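Quick notes on the structure that follows.
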Amino acid sequence: MVNLGQILWAYRRYLMAILFPVVLLPLPLVVSGKESKCAYVIILMALLWCTETLPLAVTAFFPLILFPMMAIMDASEVSIEYFRDTNVLFLGGLLMAVAVEHWNLHKRIALRVLLLIGVRPAFLFLGFMAVTAFLSMWISNTATTAMMVPIASAVLEQMHRTPEQKDGEAGSVNISFELQEPNYPVTEKEPQKLCEKDSSPVPPSVPPDHHRKEREHLKLSQGLSLSVCYAASIGGMATLTGTAPNLVLQGQVNSLFPDNPRVVNFASWFTFAFPTVIILLLLTWIWLQILFLGINFWKNFSWGEKAHKQEQAAYQVIKVEQKKLGPMSFAEKAIIFLFLLLVVLWFTREPGFFPGWGNVAFPNHSGESMVSDGTVAFFIGIILFIVPSELPSFSQQQGTQGKFKAPVALLNWNIVNKKMPWNVFFLLGGGFALAKGSEVSGLSPVAGKQADSSSKHPFSGHCPHPFSPCGCLHRMHQQCGHHHPLSAHPCFHGPGHLPQPTLCYAPLYHGILSSLHASCGHPA
């Protein structure tokens with residue numbers, strides 16, 4: 001019989017979806033003012049996001065409903081936050097990423113680079129990390145990792161096999177059985193002698209270095225898998241479209257400093273982040289070598305006849321995978337051209353140290369470019385829907401009804417709708433809407449004043465534990481982009497200026513308490 005605990009656990013999401021809004025409802029009812037209402041929305045969304053009571057993208061739409069109903073913002077103003085220029089850049093960059101992934105161009109690039117770098121253990125780490133980091137600059141980290149890990153597994157499997165296993169291999173071999181096979185040849189007479197003496201099966205003897213090789217292979221597998229994952233995260237830092245938090249920063253800078261000359265663009269971000277990515281990749285490569293391969297660099301770089309045979313086997317695996325792709329098609333060449341054109345247009349639009357094509361061809365009254373990085377991304381994205389995937393020819397195959405059939409375009413909406421991460425797009429919009437509501441309601445100014453006055457608080461030097469409720473609220477506040485206003489903190493020189501790096505943020509719970517205190521008519 002089902003008990004009460006099992007019933008509550010099974011219906012926990014439904015219960016939390018009802019209890020969270022009801023339990024927090026006294027906050028906007030008892031305390032008047034827009035600050036408390038905005039704090040109610042922030043805390044409610046934080047709880048729903050942390051517990052995943054609703055899908056993350058669905059929770060991101062709460063400001064679109066609650067802000068107009070609570071008279072914090074007009075519905076039209078909230079809706080604009082869900083399709084800002086930063087979201088347009090994110091969507092346009094993903095169109096190119098979907099096209100690259102659809103035509104398997106990312107796999108061709110990965111295999112080509114691995115063949116050039118080599119498959120020695122140290123170089124194998126470096127090759128996989130370099131390819132993964134480069135691909136994650138333009139496509140999602142998840143898609144990059146999902147493509148690179150199977151390639152790494154195939155290479156490791158081939159390097160682990162002994163020459164005898166490779167010679168006697170017929171078709172695919174189950175790895176679980178492969179590890180049980182002896183590492184030396186067995187003659188035909190030996191099993192017969194064993195059967196004459198004893199009919200019971202005798203397990204094959206294991207070479208003395210078998211367990212040592214297994215441990216080395218396990219370490220190599222662990223290190224290579226981690227290198228792919230780390231490289232995907234590091235590579236996403238290099239470009240604005242590499243990962244969503246970069247675009248969040250750009251959106252918040254443009255929102256908090258509307259008069260800035262668009263200092264955060266594709267070129268400036270790449271100039272700042274790419275050297276950091278190179279340094280992090282090299283440090284991670286060295287650390288993973290020491291951790292999983294040891295400090296024996298002679299062995300890591302594999303100078304020896306036996307290691308050379310394993311390298312040749314792994315090299316053949318990569319070469320076979322590349323041959324399966326066949327010659328480069330017209331679609332892949334067209335995508336490479338459009339991709340390079342997109343990168344060049346991004347870098348030369350408004351570089352800052354010389355007038356870009358955006359400043360010359362499309363200037364505003366201040367001489368700044370009216371064309372943004374999002375405009376360029378969508379311009380190339382729309383071209384992907386226009387260019388055919390094959391060269392026009394009159395000798396194409398006929399359709400099912402005898403009609404002439406034109407080739408498909410490089411991209412179509414069915415592919416985009418299937419592979420586009422719409423949930424991340426809506427999450428970006430929900431974060432921007434929360435930040436705007438916090439600014440309009442007055443919660444951010446009060447939080448800024450509290451940050452200034454918290455230095456006089458006896459517990460101002462105490463930082464909440466990161467896993468405590470106050471610490472969780474503090475981190476949610478920072479991740480959602482709720483920063484202090486320009487004029488409410490002494491670290492700012494005034495409206496329109498960038499903050500000094502000495503700015504210190506107060507915990508969110510201090511800001512909420514001060515906002516409630518101020519809404520009751522007490523001085524902050």
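In the structure tokens, chains take the letters A, B, ... in the order shown, each chain's residues start at 1, and ligands count up from 1 in the order shown.
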
Neighbouring residues of Met16 of chain A were defined as those with any atom within 12 Å, considering only C-alpha atoms; residues of the same chain fewer than 3 positions away were excluded. Please report them as a ChimeraX atom specification.
/A:8-13,19-24,44,47-54

Pick the closest to Leu126 of chain A from A:Tyr315, A:Phe274, A:Trp285, A:Trp413: which is it, counting only C-alpha atoms?
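Closest candidate: A:Trp285.
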
Which residue is closest to Val264 of chain A? Choose from A:Gly5, A:Thr86, A:Lys403, A:Met147 and count only C-alpha atoms.
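Between A:Gly5, A:Thr86, A:Lys403, A:Met147, the residue approaching Val264 of chain A most closely is A:Thr86.
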
Need the shell around segment 367-374 of chain A: protein/DNA/RNA residues with any atom at most 8 Å away, counting only C-alpha atoms. Skip same-chain ones fewer than 5 positions apart. Format as a ChimeraX atom specification?
/A:85-86,88-90,92,261,265-266,346,349-350,358-360,362

I need the chosen residues saved as a short mmCIF file (atom, residue, chain, number, x, y, z; two decimals), in the first residue's frame, with all heavy atoms.
```cif
data_model
loop_
_atom_site.label_atom_id
_atom_site.label_comp_id
_atom_site.auth_asym_id
_atom_site.auth_seq_id
_atom_site.Cartn_x
_atom_site.Cartn_y
_atom_site.Cartn_z
N ASP A 85 19.08 43.10 -28.47
CA ASP A 85 20.13 42.89 -29.47
C ASP A 85 21.06 41.75 -29.07
O ASP A 85 21.57 41.02 -29.91
CB ASP A 85 20.94 44.19 -29.66
CG ASP A 85 21.98 44.06 -30.75
OD1 ASP A 85 21.60 43.90 -31.91
OD2 ASP A 85 23.19 44.11 -30.42
N THR A 86 21.28 41.58 -27.77
CA THR A 86 22.11 40.48 -27.31
C THR A 86 21.46 39.13 -27.64
O THR A 86 22.14 38.18 -28.06
CB THR A 86 22.33 40.59 -25.80
OG1 THR A 86 22.94 41.85 -25.51
CG2 THR A 86 23.24 39.48 -25.29
N VAL A 88 19.44 38.64 -30.11
CA VAL A 88 19.53 38.52 -31.57
C VAL A 88 20.90 37.98 -31.97
O VAL A 88 21.02 37.12 -32.85
CB VAL A 88 19.25 39.88 -32.24
CG1 VAL A 88 19.53 39.83 -33.73
CG2 VAL A 88 17.80 40.30 -32.00
N LEU A 89 21.96 38.48 -31.32
CA LEU A 89 23.30 37.98 -31.60
C LEU A 89 23.41 36.50 -31.25
O LEU A 89 24.01 35.71 -32.00
CB LEU A 89 24.32 38.80 -30.80
CG LEU A 89 25.77 38.31 -30.84
CD1 LEU A 89 26.30 38.31 -32.27
CD2 LEU A 89 26.65 39.19 -29.95
N PHE A 90 22.85 36.12 -30.12
CA PHE A 90 22.88 34.71 -29.70
C PHE A 90 22.15 33.83 -30.72
O PHE A 90 22.66 32.77 -31.12
CB PHE A 90 22.24 34.59 -28.32
CG PHE A 90 22.15 33.18 -27.81
CD1 PHE A 90 23.28 32.50 -27.37
CD2 PHE A 90 20.93 32.53 -27.75
CE1 PHE A 90 23.19 31.21 -26.90
CE2 PHE A 90 20.83 31.24 -27.27
CZ PHE A 90 21.97 30.58 -26.85
N GLY A 92 21.47 34.54 -33.93
CA GLY A 92 22.15 34.52 -35.22
C GLY A 92 23.40 33.67 -35.20
O GLY A 92 23.70 32.97 -36.18
N PRO A 261 30.20 53.70 -25.72
CA PRO A 261 30.34 53.50 -27.18
C PRO A 261 30.47 52.04 -27.57
O PRO A 261 31.34 51.69 -28.38
CB PRO A 261 31.61 54.29 -27.50
CG PRO A 261 32.43 54.21 -26.27
CD PRO A 261 31.45 54.21 -25.12
N ASN A 265 32.09 44.42 -27.74
CA ASN A 265 31.64 43.84 -28.99
C ASN A 265 32.46 42.60 -29.29
O ASN A 265 33.30 42.19 -28.49
CB ASN A 265 31.70 44.85 -30.13
CG ASN A 265 33.08 45.48 -30.27
OD1 ASN A 265 34.10 44.81 -30.10
ND2 ASN A 265 33.12 46.77 -30.56
N PHE A 266 32.24 42.03 -30.45
CA PHE A 266 32.90 40.77 -30.76
C PHE A 266 34.42 40.94 -30.80
O PHE A 266 35.16 40.11 -30.25
CB PHE A 266 32.39 40.22 -32.09
CG PHE A 266 32.81 38.80 -32.36
CD1 PHE A 266 32.02 37.74 -31.96
CD2 PHE A 266 34.01 38.53 -33.00
CE1 PHE A 266 32.40 36.44 -32.20
CE2 PHE A 266 34.40 37.23 -33.25
CZ PHE A 266 33.60 36.18 -32.85
N TRP A 346 32.54 40.51 -38.24
CA TRP A 346 32.49 40.78 -36.81
C TRP A 346 33.71 41.56 -36.34
O TRP A 346 33.59 42.52 -35.58
CB TRP A 346 32.39 39.47 -36.04
CG TRP A 346 30.98 39.03 -35.77
CD1 TRP A 346 29.86 39.82 -35.80
CD2 TRP A 346 30.53 37.72 -35.41
NE1 TRP A 346 28.75 39.08 -35.48
CE2 TRP A 346 29.13 37.79 -35.24
CE3 TRP A 346 31.17 36.51 -35.23
CZ2 TRP A 346 28.37 36.69 -34.89
CZ3 TRP A 346 30.42 35.40 -34.87
CH2 TRP A 346 29.03 35.49 -34.70
N ARG A 349 33.82 45.29 -38.02
CA ARG A 349 32.66 46.17 -37.96
C ARG A 349 32.97 47.45 -37.20
O ARG A 349 32.76 48.57 -37.70
CB ARG A 349 31.47 45.45 -37.30
CG ARG A 349 30.21 46.30 -37.19
CD ARG A 349 29.15 45.58 -36.40
NE ARG A 349 29.55 45.35 -35.02
CZ ARG A 349 29.40 46.25 -34.04
NH1 ARG A 349 28.87 47.44 -34.28
NH2 ARG A 349 29.79 45.95 -32.82
N GLU A 350 33.48 47.33 -36.00
CA GLU A 350 33.81 48.49 -35.16
C GLU A 350 34.96 48.09 -34.24
O GLU A 350 34.78 47.95 -33.03
CB GLU A 350 32.58 48.92 -34.36
CG GLU A 350 32.65 50.34 -33.85
CD GLU A 350 31.34 50.75 -33.18
OE1 GLU A 350 30.57 49.87 -32.76
OE2 GLU A 350 31.10 51.96 -33.09
N GLY A 358 31.39 49.46 -40.32
CA GLY A 358 30.15 49.95 -39.72
C GLY A 358 30.19 51.44 -39.47
O GLY A 358 29.18 52.15 -39.64
N ASN A 359 31.37 51.96 -39.05
CA ASN A 359 31.50 53.40 -38.83
C ASN A 359 31.48 54.17 -40.13
O ASN A 359 31.02 55.32 -40.18
CB ASN A 359 32.82 53.69 -38.10
CG ASN A 359 32.93 52.93 -36.79
OD1 ASN A 359 33.63 51.92 -36.71
ND2 ASN A 359 32.25 53.40 -35.75
N VAL A 360 32.00 53.57 -41.21
CA VAL A 360 32.11 54.27 -42.49
C VAL A 360 30.81 54.19 -43.29
O VAL A 360 30.34 55.18 -43.83
CB VAL A 360 33.29 53.69 -43.31
CG1 VAL A 360 33.35 54.35 -44.70
CG2 VAL A 360 34.60 53.87 -42.57
N PHE A 362 27.63 52.82 -42.21
CA PHE A 362 26.35 52.98 -41.50
C PHE A 362 26.56 53.75 -40.19
O PHE A 362 26.30 53.21 -39.10
CB PHE A 362 25.73 51.60 -41.21
CG PHE A 362 25.62 50.72 -42.41
CD1 PHE A 362 26.57 49.72 -42.64
CD2 PHE A 362 24.58 50.88 -43.31
CE1 PHE A 362 26.48 48.89 -43.75
CE2 PHE A 362 24.48 50.05 -44.42
CZ PHE A 362 25.43 49.07 -44.65
#
```

Point-to-point distance in Å for atom CA of Trp103 of chain A and atom CA of Lys405 of chain A:
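Between these atoms lies a distance of 20.3 Å.
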
Interatomic distance (Å, one decimal) between atom CA of Arg108 of chain A and atom CA of Ile279 of chain A
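For atom CA of Arg108 of chain A relative to atom CA of Ile279 of chain A, the distance reads 26.0 Å.
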
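Distances here use only C-alpha atoms; by that measure, the residue among A:Ser255, A:Ser140, A:Asn260, A:Thr348 closest to Thr243 of chain A is A:Ser140.
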
Atom-to-atom span, atom CA of Leu293 of chain A and atom CA of Leu156 of chain A, Å:
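Separating atom CA of Leu293 of chain A from atom CA of Leu156 of chain A is a distance of 14.1 Å.
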
Find the residue from A:Phe67, A:Trp287, A:Phe354, A:Phe425 that sits nearest to Val248 of chain A; use only C-alpha atoms when measuring.
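Ranked by minimum distance to Val248 of chain A, first place goes to A:Phe425.
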
Please return, as an MDAnalysis selection string, all residues of segment 87-171 of chain A that DSSP assigns to helix (DSSP H, G or I) on the basis of the backbone.
chainID A and resid 87:102 105:117 121:136 141:160 163:167

Top pick for closest residue to Thr276 of chain A, considering A:Leu95, A:Cys38, A:Gly235, A:Val320 and counting only C-alpha atoms:
A:Gly235

Contacts of Asn417 of chain A within 10 Å, only C-alpha atoms, excl. fewer than 5 positions in-chain, as a PyMOL selection string:
chain A and resi 98+412+422

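Among A:Pro245, A:Trp138, A:Glu439, A:Gln316, the residue with the shortest atom-to-atom distance to Ala232 of chain A, counting only C-alpha atoms, is A:Trp138.
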